[in-house]
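One file, entry26.cif, carrying mmCIF, C-alpha atoms and all ligand atoms:
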```cif
data_upload
loop_
_atom_site.label_atom_id
_atom_site.label_comp_id
_atom_site.auth_asym_id
_atom_site.auth_seq_id
_atom_site.Cartn_x
_atom_site.Cartn_y
_atom_site.Cartn_z
CA MET H 272 0.00 0.00 0.00
CA SER H 273 1.27 3.44 -0.81
CA ALA H 274 2.19 5.87 1.94
CA ILE H 275 -0.38 8.32 3.28
CA SER H 276 0.03 11.76 1.75
CA ILE H 277 -1.54 15.14 2.29
CA ARG H 278 -3.57 14.41 -0.87
CA SER H 279 -4.95 11.15 0.57
CA LEU H 280 -6.15 13.02 3.66
CA GLN H 281 -7.66 15.86 1.64
CA ALA H 282 -9.61 13.29 -0.40
CA MET H 283 -10.98 11.76 2.80
CA LYS H 284 -12.71 14.98 3.91
CA GLN H 285 -16.46 14.36 3.96
CA GLN H 286 -15.86 10.73 2.85
CA GLU H 287 -14.12 8.93 5.68
CA LYS H 288 -12.74 9.91 9.11
CA PHE H 289 -9.03 9.49 9.73
CA SER H 290 -7.02 9.13 12.88
CA MET H 291 -3.89 10.67 14.24
CA LEU H 292 -1.89 9.51 17.25
CA THR H 293 1.23 10.88 18.87
CA ALA H 294 4.46 8.92 18.37
CA TYR H 295 7.86 9.79 19.74
CA ASP H 296 9.92 6.70 18.89
CA ALA H 297 10.48 4.10 16.17
CA THR H 298 8.80 1.13 17.87
CA PHE H 299 5.46 2.77 18.61
CA ALA H 300 5.52 4.63 15.28
CA GLN H 301 5.67 1.36 13.36
CA GLN H 302 3.00 -0.25 15.58
CA ALA H 303 0.62 2.69 15.11
CA ALA H 304 1.13 2.89 11.34
CA ASP H 305 0.63 -0.89 11.07
CA ALA H 306 -2.62 -0.55 13.04
CA GLY H 307 -3.90 1.88 10.39
CA VAL H 308 -3.24 5.26 12.01
CA GLU H 309 -3.03 7.73 9.13
CA VAL H 310 -1.02 10.50 10.81
CA LEU H 311 1.77 10.12 13.39
CA LEU H 312 2.08 13.32 15.41
CA VAL H 313 5.49 14.01 16.87
CA GLY H 314 3.88 16.33 19.39
CA ASP H 315 5.68 18.65 21.75
CA SER H 316 3.60 16.79 24.35
CA LEU H 317 6.79 14.71 24.46
CA GLY H 318 7.87 17.37 26.96
CA ASN H 319 5.27 15.94 29.35
CA MET H 320 5.21 12.28 28.28
CA ILE H 321 8.90 11.59 27.61
CA GLN H 322 10.80 14.31 29.45
CA GLY H 323 8.60 14.62 32.55
CA HIS H 324 8.03 18.37 32.37
CA ASP H 325 4.80 20.01 33.56
CA SER H 326 4.28 21.84 30.26
CA THR H 327 5.52 21.85 26.67
CA LEU H 328 7.53 25.06 27.13
CA PRO H 329 10.97 23.45 27.75
CA VAL H 330 10.92 21.47 24.47
CA THR H 331 13.46 22.57 21.85
CA VAL H 332 13.69 22.28 18.06
CA ALA H 333 16.59 19.84 18.56
CA ASP H 334 14.33 17.62 20.72
CA MET H 335 11.65 17.70 18.01
CA ALA H 336 14.16 16.85 15.27
CA TYR H 337 15.58 13.96 17.32
CA HIS H 338 12.17 12.38 17.96
CA THR H 339 11.04 13.01 14.36
CA ALA H 340 14.08 11.13 13.05
CA ASN H 341 13.29 8.18 15.35
CA VAL H 342 9.63 8.11 14.28
CA ALA H 343 10.61 8.38 10.61
CA ARG H 344 12.82 5.25 10.89
CA GLY H 345 10.01 3.19 12.49
CA ASN H 346 7.42 4.50 10.04
CA ARG H 347 9.56 3.47 7.06
CA ARG H 348 9.28 -0.16 8.23
CA ALA H 349 5.46 -0.06 8.37
CA GLN H 350 3.36 -1.80 5.72
CA ARG H 351 1.68 1.47 4.86
CA PRO H 352 3.74 4.38 6.14
CA ALA H 353 1.76 7.16 7.82
CA LEU H 354 2.12 10.90 7.31
CA ILE H 355 4.47 12.37 9.92
CA MET H 356 3.43 15.69 11.46
CA THR H 357 5.84 17.49 13.79
CA ASP H 358 5.16 20.38 16.15
CA LEU H 359 7.28 23.50 16.03
CA PRO H 360 7.90 24.01 19.77
CA PHE H 361 7.51 27.02 22.05
CA MET H 362 8.96 30.27 20.62
CA SER H 363 10.69 28.56 17.72
CA HIS H 364 8.66 30.49 15.13
CA GLY H 365 8.20 33.97 16.62
CA THR H 366 9.51 35.57 13.43
CA VAL H 367 9.28 34.32 9.85
CA GLU H 368 13.06 33.94 9.68
CA GLN H 369 13.24 31.89 12.87
CA GLY H 370 10.22 29.83 11.79
CA LEU H 371 11.86 28.96 8.47
CA GLU H 372 15.04 27.77 10.18
CA SER H 373 13.08 25.66 12.72
CA ALA H 374 11.01 24.25 9.85
CA ARG H 375 14.13 23.28 7.91
CA LEU H 376 15.53 21.32 10.86
CA VAL H 377 12.41 19.22 11.49
CA MET H 378 11.60 18.69 7.81
CA GLN H 379 15.15 17.47 7.21
CA ALA H 380 14.72 15.11 10.19
CA GLY H 381 11.79 13.43 8.39
CA ALA H 382 8.58 15.39 9.01
CA HIS H 383 6.08 15.64 6.13
CA ILE H 384 3.97 18.45 7.59
CA LEU H 385 4.50 20.91 10.45
CA LYS H 386 2.04 21.89 13.16
CA LEU H 387 2.12 25.46 14.44
CA GLU H 388 0.15 26.80 17.40
CA GLY H 389 -1.29 30.24 16.79
CA ASP H 390 -3.97 32.15 14.92
CA SER H 391 -3.85 34.77 12.17
CA TRP H 392 -0.41 36.01 13.28
CA LEU H 393 0.96 32.81 11.66
CA ILE H 394 -0.12 33.94 8.19
CA PRO H 395 3.19 35.43 6.92
CA LEU H 396 5.12 32.30 8.00
CA ILE H 397 2.51 29.93 6.54
CA GLU H 398 2.60 31.82 3.23
CA SER H 399 6.36 31.58 3.13
CA LEU H 400 6.44 27.88 4.06
CA SER H 401 3.72 27.14 1.54
CA ARG H 402 5.72 28.85 -1.23
CA GLN H 403 8.71 26.71 -0.27
CA GLY H 404 6.73 23.48 -0.38
CA VAL H 405 6.26 22.91 3.32
CA PRO H 406 2.74 21.83 4.39
CA VAL H 407 1.37 23.23 7.64
CA CYS H 408 -1.37 22.35 10.12
CA ALA H 409 -2.55 25.36 12.14
CA HIS H 410 -3.44 24.50 15.77
CA LEU H 411 -6.25 26.67 17.22
CA GLY H 412 -8.30 26.68 20.43
CA LEU H 413 -6.42 25.45 23.49
CA THR H 414 -2.82 25.93 22.42
CA PRO H 415 -0.76 24.52 25.32
CA GLN H 416 2.29 26.69 24.54
CA SER H 417 0.13 29.64 25.70
CA VAL H 418 -0.84 28.03 29.03
CA ASN H 419 0.59 30.95 31.01
CA LYS H 420 -1.41 33.47 29.01
CA PHE H 421 -4.60 31.39 29.35
CA GLY H 422 -4.03 30.91 33.08
CA GLY H 423 -4.53 27.14 32.82
CA TYR H 424 -5.70 24.45 30.41
CA ARG H 425 -9.29 25.46 29.66
CA VAL H 426 -11.87 25.17 26.89
CA GLN H 427 -11.51 27.99 24.33
CA GLY H 428 -14.14 29.71 22.16
CA ARG H 429 -17.10 29.51 24.53
CA GLU H 430 -17.97 33.20 24.13
CA GLN H 431 -19.74 34.16 20.91
CA ASP H 432 -17.14 36.79 19.91
CA LYS H 433 -14.25 34.38 20.54
CA ALA H 434 -16.02 31.65 18.57
CA ASP H 435 -16.66 33.97 15.62
CA ALA H 436 -13.02 35.09 15.69
CA MET H 437 -11.82 31.47 15.64
CA VAL H 438 -13.92 30.74 12.54
CA GLU H 439 -12.44 33.81 10.82
CA HIS H 440 -8.89 32.80 11.80
CA ALA H 441 -9.37 29.26 10.49
CA ILE H 442 -10.62 30.57 7.14
CA ALA H 443 -7.75 33.07 6.90
CA LEU H 444 -5.16 30.41 7.75
CA ALA H 445 -6.54 28.00 5.14
CA ASN H 446 -6.52 30.83 2.59
CA ALA H 447 -2.88 31.55 3.49
CA GLY H 448 -1.96 27.97 2.60
CA ALA H 449 -2.57 25.90 5.74
CA ASP H 450 -3.25 22.32 4.60
CA MET H 451 -4.97 21.23 7.80
CA ILE H 452 -6.51 22.76 10.92
CA LEU H 453 -6.36 21.23 14.39
CA LEU H 454 -8.82 22.24 17.11
CA GLU H 455 -8.12 21.46 20.76
CA CYS H 456 -10.75 21.81 23.50
CA VAL H 457 -13.41 23.84 21.78
CA PRO H 458 -17.20 23.38 22.01
CA ASN H 459 -18.47 20.71 19.57
CA GLU H 460 -20.71 23.25 17.85
CA LEU H 461 -17.77 25.58 17.08
CA ALA H 462 -15.69 22.67 15.75
CA ASN H 463 -18.58 21.76 13.45
CA ARG H 464 -18.81 25.35 12.18
CA ILE H 465 -15.08 25.43 11.39
CA THR H 466 -15.15 21.99 9.74
CA ALA H 467 -17.90 23.23 7.43
CA ALA H 468 -16.21 26.59 6.78
CA VAL H 469 -12.86 25.32 5.43
CA SER H 470 -12.08 22.92 2.59
CA VAL H 471 -8.99 21.47 4.30
CA PRO H 472 -9.27 18.57 6.79
CA VAL H 473 -10.01 19.55 10.41
CA VAL H 474 -8.60 17.36 13.20
CA GLY H 475 -10.12 17.54 16.68
CA ILE H 476 -9.16 16.69 20.26
CA GLY H 477 -11.83 17.56 22.78
CA ALA H 478 -13.82 19.02 19.86
CA GLY H 479 -16.57 16.44 19.37
CA ALA H 480 -17.27 13.88 16.65
CA GLY H 481 -18.03 16.36 13.87
CA THR H 482 -14.46 17.04 12.73
CA ASP H 483 -12.84 15.19 9.82
CA ALA H 484 -10.32 13.42 12.05
CA GLN H 485 -9.36 12.80 15.69
CA VAL H 486 -6.07 12.94 17.55
CA LEU H 487 -5.04 11.58 20.94
CA VAL H 488 -1.81 11.43 22.90
CA MET H 489 -0.68 7.78 22.82
CA HIS H 490 0.06 7.56 26.54
CA ASP H 491 -3.44 8.86 27.33
CA MET H 492 -5.22 6.32 25.12
CA LEU H 493 -3.15 3.50 26.63
CA GLY H 494 -4.44 4.49 30.07
CA LEU H 495 -1.05 5.67 31.32
CA ASN H 496 -2.23 9.09 32.49
CA PRO H 497 -3.38 9.01 36.13
CA ARG H 498 -5.43 12.20 35.62
CA PRO H 499 -6.81 11.98 32.07
CA ALA H 500 -8.66 14.93 30.51
CA LYS H 501 -12.39 14.62 29.77
CA PHE H 502 -11.75 13.98 26.07
CA VAL H 503 -9.50 10.96 26.69
CA LYS H 504 -10.59 7.37 26.24
CA ASN H 505 -8.53 4.39 27.36
CA PHE H 506 -8.41 1.83 24.53
CA LEU H 507 -6.10 -0.64 26.32
CA THR H 508 -9.09 -2.49 27.81
CA ASP H 509 -11.02 -5.73 27.24
CA GLY H 510 -7.84 -7.84 27.20
CA ARG H 511 -6.37 -6.02 24.21
CA ASN H 512 -2.64 -5.72 23.58
CA ILE H 513 -1.15 -2.40 22.43
CA GLN H 514 -1.49 -3.17 18.71
CA GLN H 515 -5.14 -4.09 19.26
CA ALA H 516 -5.72 -0.92 21.30
CA PHE H 517 -4.36 1.18 18.40
CA ALA H 518 -6.57 -0.75 15.96
CA ALA H 519 -9.65 -0.24 18.20
CA TYR H 520 -8.97 3.51 18.25
CA VAL H 521 -8.71 3.60 14.44
CA ALA H 522 -11.93 1.58 14.09
CA GLU H 523 -13.89 3.73 16.56
CA VAL H 524 -12.78 6.94 14.85
CA LYS H 525 -13.81 5.54 11.44
CA SER H 526 -17.22 4.40 12.72
CA GLY H 527 -17.85 7.59 14.68
CA GLN H 528 -18.12 5.67 17.97
CA PHE H 529 -15.24 7.77 19.34
CA PRO H 530 -15.53 10.47 20.54
CA ALA H 531 -18.81 9.94 22.41
CA ALA H 532 -20.93 12.73 23.91
CA GLU H 533 -19.13 12.38 27.27
CA HIS H 534 -15.78 13.32 25.63
CA GLY H 535 -16.95 16.68 24.25
CA PHE H 536 -17.68 20.20 25.49
CA SER H 537 -20.73 22.39 25.09
CA ALA H 538 -20.65 26.13 24.53
O1 LIG E 601 1.67 17.76 21.28
C1 LIG E 601 0.61 17.14 21.11
O2 LIG E 601 0.46 15.95 21.45
C2 LIG E 601 -0.50 17.85 20.47
C3 LIG E 601 -1.85 17.18 20.42
C4 LIG E 601 -2.47 17.11 21.76
C5 LIG E 601 -2.75 17.81 19.44
O3 LIG E 601 -0.32 18.95 20.02
NA NA E 602 1.58 19.94 20.67
#
```
What is this structure when it is put down as C-alpha cells?
Ligand code: KIV
Ligand code: NA
Amino acid sequence: MSAISIRSLQAMKQQEKFSMLTAYDATFAQQAADAGVEVLLVGDSLGNMIQGHDSTLPVTVADMAYHTANVARGNRRAQRPALIMTDLPFMSHGTVEQGLESARLVMQAGAHILKLEGDSWLIPLIESLSRQGVPVCAHLGLTPQSVNKFGGYRVQGREQDKADAMVEHAIALANAGADMILLECVPNELANRITAAVSVPVVGIGAGAGTDAQVLVMHDMLGLNPRPAKFVKNFLTDGRNIQQAFAAYVAEVKSGQFPAAEHGFSA
C-alpha cells in the first residue's frame, strides 16, 4: 500500500474519518502505522510524556528533530507508512526567519507536515512555508504553549465573539496555505462550524465527533495518564494488547463511535 500523503487526507474529507496519534519513537511509530493510524504526530507533548516536564515550554527544536528522526525510521518499516506531522515548539517560530530555520531542521529530520500553534499572526510564516513546499497544520483553540497566558488548560471559544473570531482565523489560515486545521478543546458546535467553513481537513481533540479526524496522545489512550482529561478514552481495555488498542482507536474513529458525547464540550 502506498504511503499516506496530504492528498490522501484531503480526499478523505467528507468521505471517511481518519485518525492521528502521537508517536515519539520508532517502535510505537511502526505499531501505530501498522494498526492503520493515518497520521503520526510528533507532538511537543513529548515534553510531558517523555521528558517529565509540567508543560511543553521546555521542548526545543533539537528535541523535536531527534524524535522526528526516530519516528521516521520506524514509520519506514510499516506496511503502509503514515504521514508524519511534527510540532514547532515554544517560541521557535516567533519571526518568519526563525520559523523557516526551525522548519528546515524538522523537515530534514523526516517530518512531512508541520504543526504550528497560533492564529492569524501565523499567516506570513505559513505563506512563506507554503511557497517553499512545506505543508502546515494550524493549531487553534487550546494551544498549550500559551498556558501561562490562558491561566490554565481550559476550553476555548465559549464566548460568541471568541467563537466567531476562531472561525475567521481558520478561514484566513486556510486561505494563506494551511493544509490542515487542528482544534483542541473547543465546544463541539464551534468545531462543526469550522469543519464546514474550510475545505482542508479539520482534526479535533476535545472538539466532538463532527471534525474530519481525531487525535489523541498515545500515553493517554493506553491508560497511562493518572489524571486523564475529559476527552481521553482508554483503549487498552477488554484484554487487548497495544497493537489491538491502536486498531480499536482507528476503528472507533472511522465508525464515529469515538468520541462519544461524554468526551466533548458544550458552549
Ligand atoms: O503535542 C501534542 O500531542 C498535540 C496534540 C495534543 C494535538 O499537540
Ligand atoms: Na503539541
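Among the candidates H:Asn463, H:Ser276, H:Gln416, H:Thr366, the residue lying nearest to ligand NA 602 (chain E) is H:Gln416 (atoms considered: only C-alpha atoms and all ligand atoms).
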As a PyMOL selection string, please: every protein or nucleic acid residue near ligand LIG 601 (chain E) (cut-off 9 Å, counting all atoms listed in the file). chain H and resi 291-294+312-318+327+357-358+360+386-388+410+414-415+453-455+474-476+486-489
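Distances to H:Phe536 were evaluated for H:Met272, H:Val457, H:Val310, H:Val377 using all atoms listed in the file, and the minimum falls at H:Val457.
Closest approach to H:Asn346 from the set H:Leu444, H:Val473, H:Ala306, H:Val524 is made by H:Ala306, with distances taken over all atoms listed in the file.
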Under the rule that all atoms listed in the file are counted, which of H:Ala409, H:Asp390, H:Ile513, H:Gly422 is the nearest residue to H:Ala436? H:Asp390
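Taking atom CA of H:Ala353 and atom CA of H:Val308 as the two end points, the separation is 6.8 Å.
Residues within 10 Å of H:Ala518, counting only C-alpha atoms and excluding same-chain residues fewer than 6 positions away, are Gln302, Ala303, Ala304, Asp305, Ala306, Gly307, Val308, Phe506, Arg511, Asn512 and Val524 of chain H.
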From H:Gln281, H:Ser326, H:Thr298, H:Ser470, residue lying nearest ligand NA 602 (chain E) [only C-alpha atoms and all ligand atoms]: H:Ser326
Long-range neighbours of H:Gln379 as an MDAnalysis selection string, 9 Å cut-off, only C-alpha atoms, 4 positions minimum in chain: chainID H and resid 336 340 374:375
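One distance worth recording is that between atom CA of H:Leu280 and atom CA of H:Ala445, which is 15.1 Å.
For the set H:Ile442, H:Ala484, H:Leu311, H:Ala538, the residue with the smallest atom-to-atom gap to H:Leu461 is H:Ala538, counting only C-alpha atoms.
With atom CA of H:Tyr295 on one side and atom CA of H:Val330 on the other, the separation reads 13.0 Å.
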